[in-house]
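S.K.: Quick one: this structure, given as structure tokens, is what I'll be asking you about.
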Amino acid sequence: MRDSLGKFVQRKEFEAASERLAAGKGDLTDPKQGITEAEAIEQAKQGREAAFEVLYHLHKRRVYSLCLRMVSNPAQAEDLAQEAFLQLFRKIATFRGESAFSTWLHRMTVNVVLMQLRKKGLPVVSLEETLAANDEAPKKEFGTKDVKLTGSIDRLQLQRAIDRLPPGYRTVFVLHDIEGFEHNEIAQIVGCSIGNSKSQLHKARLKLRDYLTFMRAEKAKTG
Amino acid sequence: MKCSDVERVLPELLDGAPDGAFPADFETHVKSCPACSNLVSDLKLISSEARQLAATEEPAPRVWLRIAAELRAEGLISDAAIREPESAPTRPILVPTSRRPRWSARWLAPVAAAVVAAGSYVVSHKPAPQVAKQQAPATRVASPIPETPAATSASAPTPAPRQMAQKPAKPTDTIRPAVEPESSEEDQQFLTAVSTRAPSMRTTYENQLKAVNADIRETQAYVDRNPGDTDARQHLMDAYEQKALLYQIALDRIQ
């Protein structure tokens with residue numbers, strides 16, 4: 001019940017927000033047409049709640065997903081997404097449109113998450129990270145594998161594998177392979193060299209391959 | 001090139017090679033070495049599949065509710081925006097910003113379900129009259145609320161939902177005793193539980209409950225007068241859903 005109710009309420013909230021916002025504009029006679037992001041930004045600068053709500057609904061999935069991937073904890077991810085949006089809304093008057101709004105927001109979200117990781121003493125980027133002691137994934141030497149992740153990768157398995165990555169590897173992997181940041185951007189955001197970012201990413205992918213191979217083998221055994 | 005050479009150059013090549021064009025000796029080795037070939041294709045596969053994970057997760061409704069509450073508390077939402085006259089009825093903000101204490105109130109879940117079920121029953125079992133007996137359906141074009149004695153009176157009730165605002169209430173119209181009472185027994189139990197286990201949240205939830213009950217009452221009165229108005233019926237159902245959400249969020253926060 002909770003999921004269906006939540007989705008229903010969110011849909012209604014979004015429709016209501018678009019409608020309220022459009023109703024306040026003389027040039028939009030059909031509220032169902034909604035408003036553009038740029039219009040919502042301008043109205044949010046004037047403190048219109050419905051504009052904030054529209055912007056939230058436009059970007060909530062991307063922001064929350066980013067937070068969730070980086071901390072692997074839904075409750076923490078909610079708090080971080082909330083903080084990212086609040087920071088955004090507090091500073092929205094300073095947005096001049098030189099960069100894409102989404103880029104601005106995602107950069108802000110990453111900074112919020114990284115600040116949280118640093119507060120908790122977790123490494124944002126690791127130079128030497130190894131598999132955890134209780135890690136069940138087999139460690140193999142490079143170039144000796146004859147296994148292959150044929151076809152496609154199960155999304156749930158990939159999510160679980162990412163959750164198992166050490167925080168430093170996970171940060172770079174999420175930023176590069178999921179969020180699409182370039183290595184020079186990652187280096188600037190997390191405060192490392194470009195070479196370090198590339199190295200972290202490569203190690204993260206190798207670990208993910210190990211995890212996924214192991215998961216596939218386990219599934220075949222039980223399966 | 002050997003496998004160890006592939007290991008050395010792969011991090012640089014995998015993302016840096018334009019259009020996936022690798023050096024000739026690298027390509028030659030990978031084609032002849034199944035292990036390195038599998039490795040390269042696997043890493044590319046992981047990278048491409050990972051991109052599909054962006055924006056796949058939906059945050060819970062409470063995230064926006066918390067943000068909105070915080071924006072209000074910080075004064076970032078202007079008063080003029082809050083008092084938008086032609087707006088649809090504003091939903092009460094349901095969630096206080098304090099952290100949730102953990103205790104059990106599992107009885108709230110069936111109550112929330114019952115609220116929705118009751119609302120659904122009420123909405124779906126109201127007989128729709130003949131079209132000829134209906135008043136003209138309300139339009140969705142925003143227009144000022146008509147100036148009527150009831151609307152201009154200082155003691156006028158809370159402005160009706162937008163669909164209702166298009167039509168002035170007849171002087172003889174009265175808000176009949178609502179299906180949803182002012183404060184039902186379940187509401188009292190709910191507030192008692194909140195005040196017992198989280199006293200600081202009592203006032204917040206009490207105000208929200210009053211607001212959502214008022215919304216239900218007013219919409220119900222309108223539906224009674226205009227049973228063929230599907231928008232109003234949907235609005236009534238929304239109001240019940242909103243009340244259910246209040247219970248649900250309380251459950252989440254105080255369980």
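How things are named: the first chain in the structure tokens is A, the next is B, and so on; residues count from 1 in each chain; ligands count from 1 in the order shown.
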Please report as an mmCIF file with N, CA, C and O atoms, in the first residue's frame which residues of chain B come no farther than 6 Å from chain A, using only C-alpha atoms.
M.R.:
```cif
data_model
loop_
_atom_site.group_PDB
_atom_site.id
_atom_site.type_symbol
_atom_site.label_atom_id
_atom_site.label_comp_id
_atom_site.auth_asym_id
_atom_site.auth_seq_id
_atom_site.Cartn_x
_atom_site.Cartn_y
_atom_site.Cartn_z
ATOM 1 N N CYS B 3 50.026 -9.866 -21.553
ATOM 2 C CA CYS B 3 48.885 -9.582 -20.659
ATOM 3 C C CYS B 3 49.251 -8.493 -19.658
ATOM 4 O O CYS B 3 48.426 -7.620 -19.343
ATOM 5 N N PRO B 11 43.790 1.026 -18.053
ATOM 6 C CA PRO B 11 43.059 2.134 -17.410
ATOM 7 C C PRO B 11 43.083 3.398 -18.254
ATOM 8 O O PRO B 11 42.102 4.145 -18.277
ATOM 9 N N ALA B 35 41.475 -14.365 -22.423
ATOM 10 C CA ALA B 35 41.329 -13.770 -21.082
ATOM 11 C C ALA B 35 41.273 -12.248 -21.169
ATOM 12 O O ALA B 35 40.405 -11.603 -20.566
ATOM 13 N N CYS B 36 42.210 -11.685 -21.923
ATOM 14 C CA CYS B 36 42.226 -10.213 -22.044
ATOM 15 C C CYS B 36 41.023 -9.725 -22.851
ATOM 16 O O CYS B 36 40.469 -8.655 -22.563
ATOM 17 N N ASN B 38 38.036 -11.135 -22.937
ATOM 18 C CA ASN B 38 36.885 -11.154 -22.024
ATOM 19 C C ASN B 38 36.940 -9.996 -21.039
ATOM 20 O O ASN B 38 35.923 -9.374 -20.734
ATOM 21 N N ASP B 42 34.131 -7.215 -20.737
ATOM 22 C CA ASP B 42 33.398 -7.157 -19.462
ATOM 23 C C ASP B 42 33.441 -5.755 -18.864
ATOM 24 O O ASP B 42 32.428 -5.243 -18.370
ATOM 25 N N SER B 47 30.621 -0.773 -17.565
ATOM 26 C CA SER B 47 30.535 0.680 -17.697
ATOM 27 C C SER B 47 29.235 1.106 -18.376
ATOM 28 O O SER B 47 28.562 2.047 -17.942
ATOM 29 N N ALA B 50 26.182 0.412 -16.144
ATOM 30 C CA ALA B 50 26.103 1.314 -14.978
ATOM 31 C C ALA B 50 25.362 2.586 -15.335
ATOM 32 O O ALA B 50 24.649 3.156 -14.497
ATOM 33 N N ARG B 51 25.504 3.045 -16.559
ATOM 34 C CA ARG B 51 24.842 4.292 -16.952
ATOM 35 C C ARG B 51 23.323 4.182 -16.819
ATOM 36 O O ARG B 51 22.633 5.167 -16.611
ATOM 37 N N ALA B 54 21.437 5.497 -13.509
ATOM 38 C CA ALA B 54 21.185 6.900 -13.160
ATOM 39 C C ALA B 54 19.678 7.144 -13.117
ATOM 40 O O ALA B 54 18.946 6.690 -13.987
ATOM 41 N N ALA B 55 19.251 7.838 -12.088
ATOM 42 C CA ALA B 55 17.849 8.270 -11.971
ATOM 43 C C ALA B 55 16.860 7.116 -11.985
ATOM 44 O O ALA B 55 15.794 7.213 -12.574
ATOM 45 N N GLU B 57 15.991 5.572 -8.991
ATOM 46 C CA GLU B 57 15.397 5.440 -7.654
ATOM 47 C C GLU B 57 14.457 6.607 -7.348
ATOM 48 O O GLU B 57 14.775 7.754 -7.636
ATOM 49 N N GLU B 58 13.353 6.274 -6.730
ATOM 50 C CA GLU B 58 12.338 7.281 -6.398
ATOM 51 C C GLU B 58 12.415 7.581 -4.896
ATOM 52 O O GLU B 58 12.272 6.671 -4.084
ATOM 53 N N PRO B 61 7.803 10.168 -0.572
ATOM 54 C CA PRO B 61 7.109 11.465 -0.561
ATOM 55 C C PRO B 61 7.535 12.357 0.598
ATOM 56 O O PRO B 61 7.489 13.581 0.492
ATOM 57 N N LEU B 76 11.831 31.032 2.982
ATOM 58 C CA LEU B 76 12.199 31.097 1.557
ATOM 59 C C LEU B 76 10.983 31.087 0.646
ATOM 60 O O LEU B 76 11.084 31.393 -0.534
ATOM 61 N N ILE B 77 9.859 30.668 1.194
ATOM 62 C CA ILE B 77 8.618 30.729 0.434
ATOM 63 C C ILE B 77 7.912 32.016 0.837
ATOM 64 O O ILE B 77 7.669 32.248 2.013
ATOM 65 N N SER B 78 7.640 32.842 -0.157
ATOM 66 C CA SER B 78 7.051 34.138 0.165
ATOM 67 C C SER B 78 5.598 33.973 0.581
ATOM 68 O O SER B 78 4.905 33.067 0.118
ATOM 69 N N ALA B 81 3.111 33.991 -2.189
ATOM 70 C CA ALA B 81 3.008 32.726 -2.918
ATOM 71 C C ALA B 81 2.125 31.743 -2.162
ATOM 72 O O ALA B 81 1.371 30.982 -2.746
ATOM 73 N N SER B 87 -5.333 29.462 -6.321
ATOM 74 C CA SER B 87 -4.705 28.150 -6.241
ATOM 75 C C SER B 87 -5.694 27.078 -5.841
ATOM 76 O O SER B 87 -6.710 27.344 -5.210
ATOM 77 N N ALA B 142 -8.480 29.436 -14.471
ATOM 78 C CA ALA B 142 -8.439 30.154 -13.210
ATOM 79 C C ALA B 142 -9.211 31.459 -13.325
ATOM 80 O O ALA B 142 -9.087 32.172 -14.308
#
```
S.K.: What is the atom CA of A:Arg164 to atom CA of B:Leu39 distance in Å?
M.R.: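 Rounded to one decimal, the two atoms are 20.2 Å apart.
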S.K.: Mind checking which residues fall within 12 Å of stretch 27-31 of chain B, counting only C-alpha atoms, ignoring those fewer than 5 positions away in the same chain, and posting them as a list in words?
M.R.: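 Listed by chain and then number, they are Gly143 of chain A; Met1, Lys2, Cys3, Ser4, Asp5, Val6, Glu7, Leu10, Leu13, Gly20, Ala21, Phe22, Cys36, Ser37, Asn38, Leu39, Val40 and Ser41 of chain B.
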S.K.: Using C-alpha atoms, can you write the selected residues to a file as a short mmCIF file (atom, residue, chain, number, x, y, z; two decimals), in the first residue's frame?
M.R.:
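out-v7.cif was written with the following content:
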```
data_model
loop_
_atom_site.label_atom_id
_atom_site.label_comp_id
_atom_site.auth_asym_id
_atom_site.auth_seq_id
_atom_site.Cartn_x
_atom_site.Cartn_y
_atom_site.Cartn_z
CA GLY A 143 44.64 -11.72 -17.28
CA MET B 1 52.28 -6.98 -26.12
CA LYS B 2 51.73 -9.28 -23.15
CA CYS B 3 48.89 -9.58 -20.66
CA SER B 4 50.87 -7.53 -18.15
CA ASP B 5 51.25 -4.78 -20.74
CA VAL B 6 47.50 -4.79 -21.25
CA GLU B 7 47.09 -4.43 -17.50
CA LEU B 10 44.14 -0.52 -19.97
CA LEU B 13 42.93 3.29 -22.91
CA GLY B 20 37.31 2.94 -28.90
CA ALA B 21 40.31 2.87 -31.22
CA PHE B 22 43.13 1.08 -29.42
CA CYS B 36 42.23 -10.21 -22.04
CA SER B 37 39.46 -10.13 -24.64
CA ASN B 38 36.89 -11.15 -22.02
CA LEU B 39 38.28 -8.66 -19.59
CA VAL B 40 38.04 -5.74 -21.97
CA SER B 41 34.52 -6.61 -23.07
#
```
S.K.: What does the structure give for the distance between atom CA of A:Ile189 and atom CA of A:Leu114, in Å to one decimal?
M.R.: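 Taking atom CA of A:Ile189 as the start and atom CA of A:Leu114 as the end point, the length is 8.8 Å.
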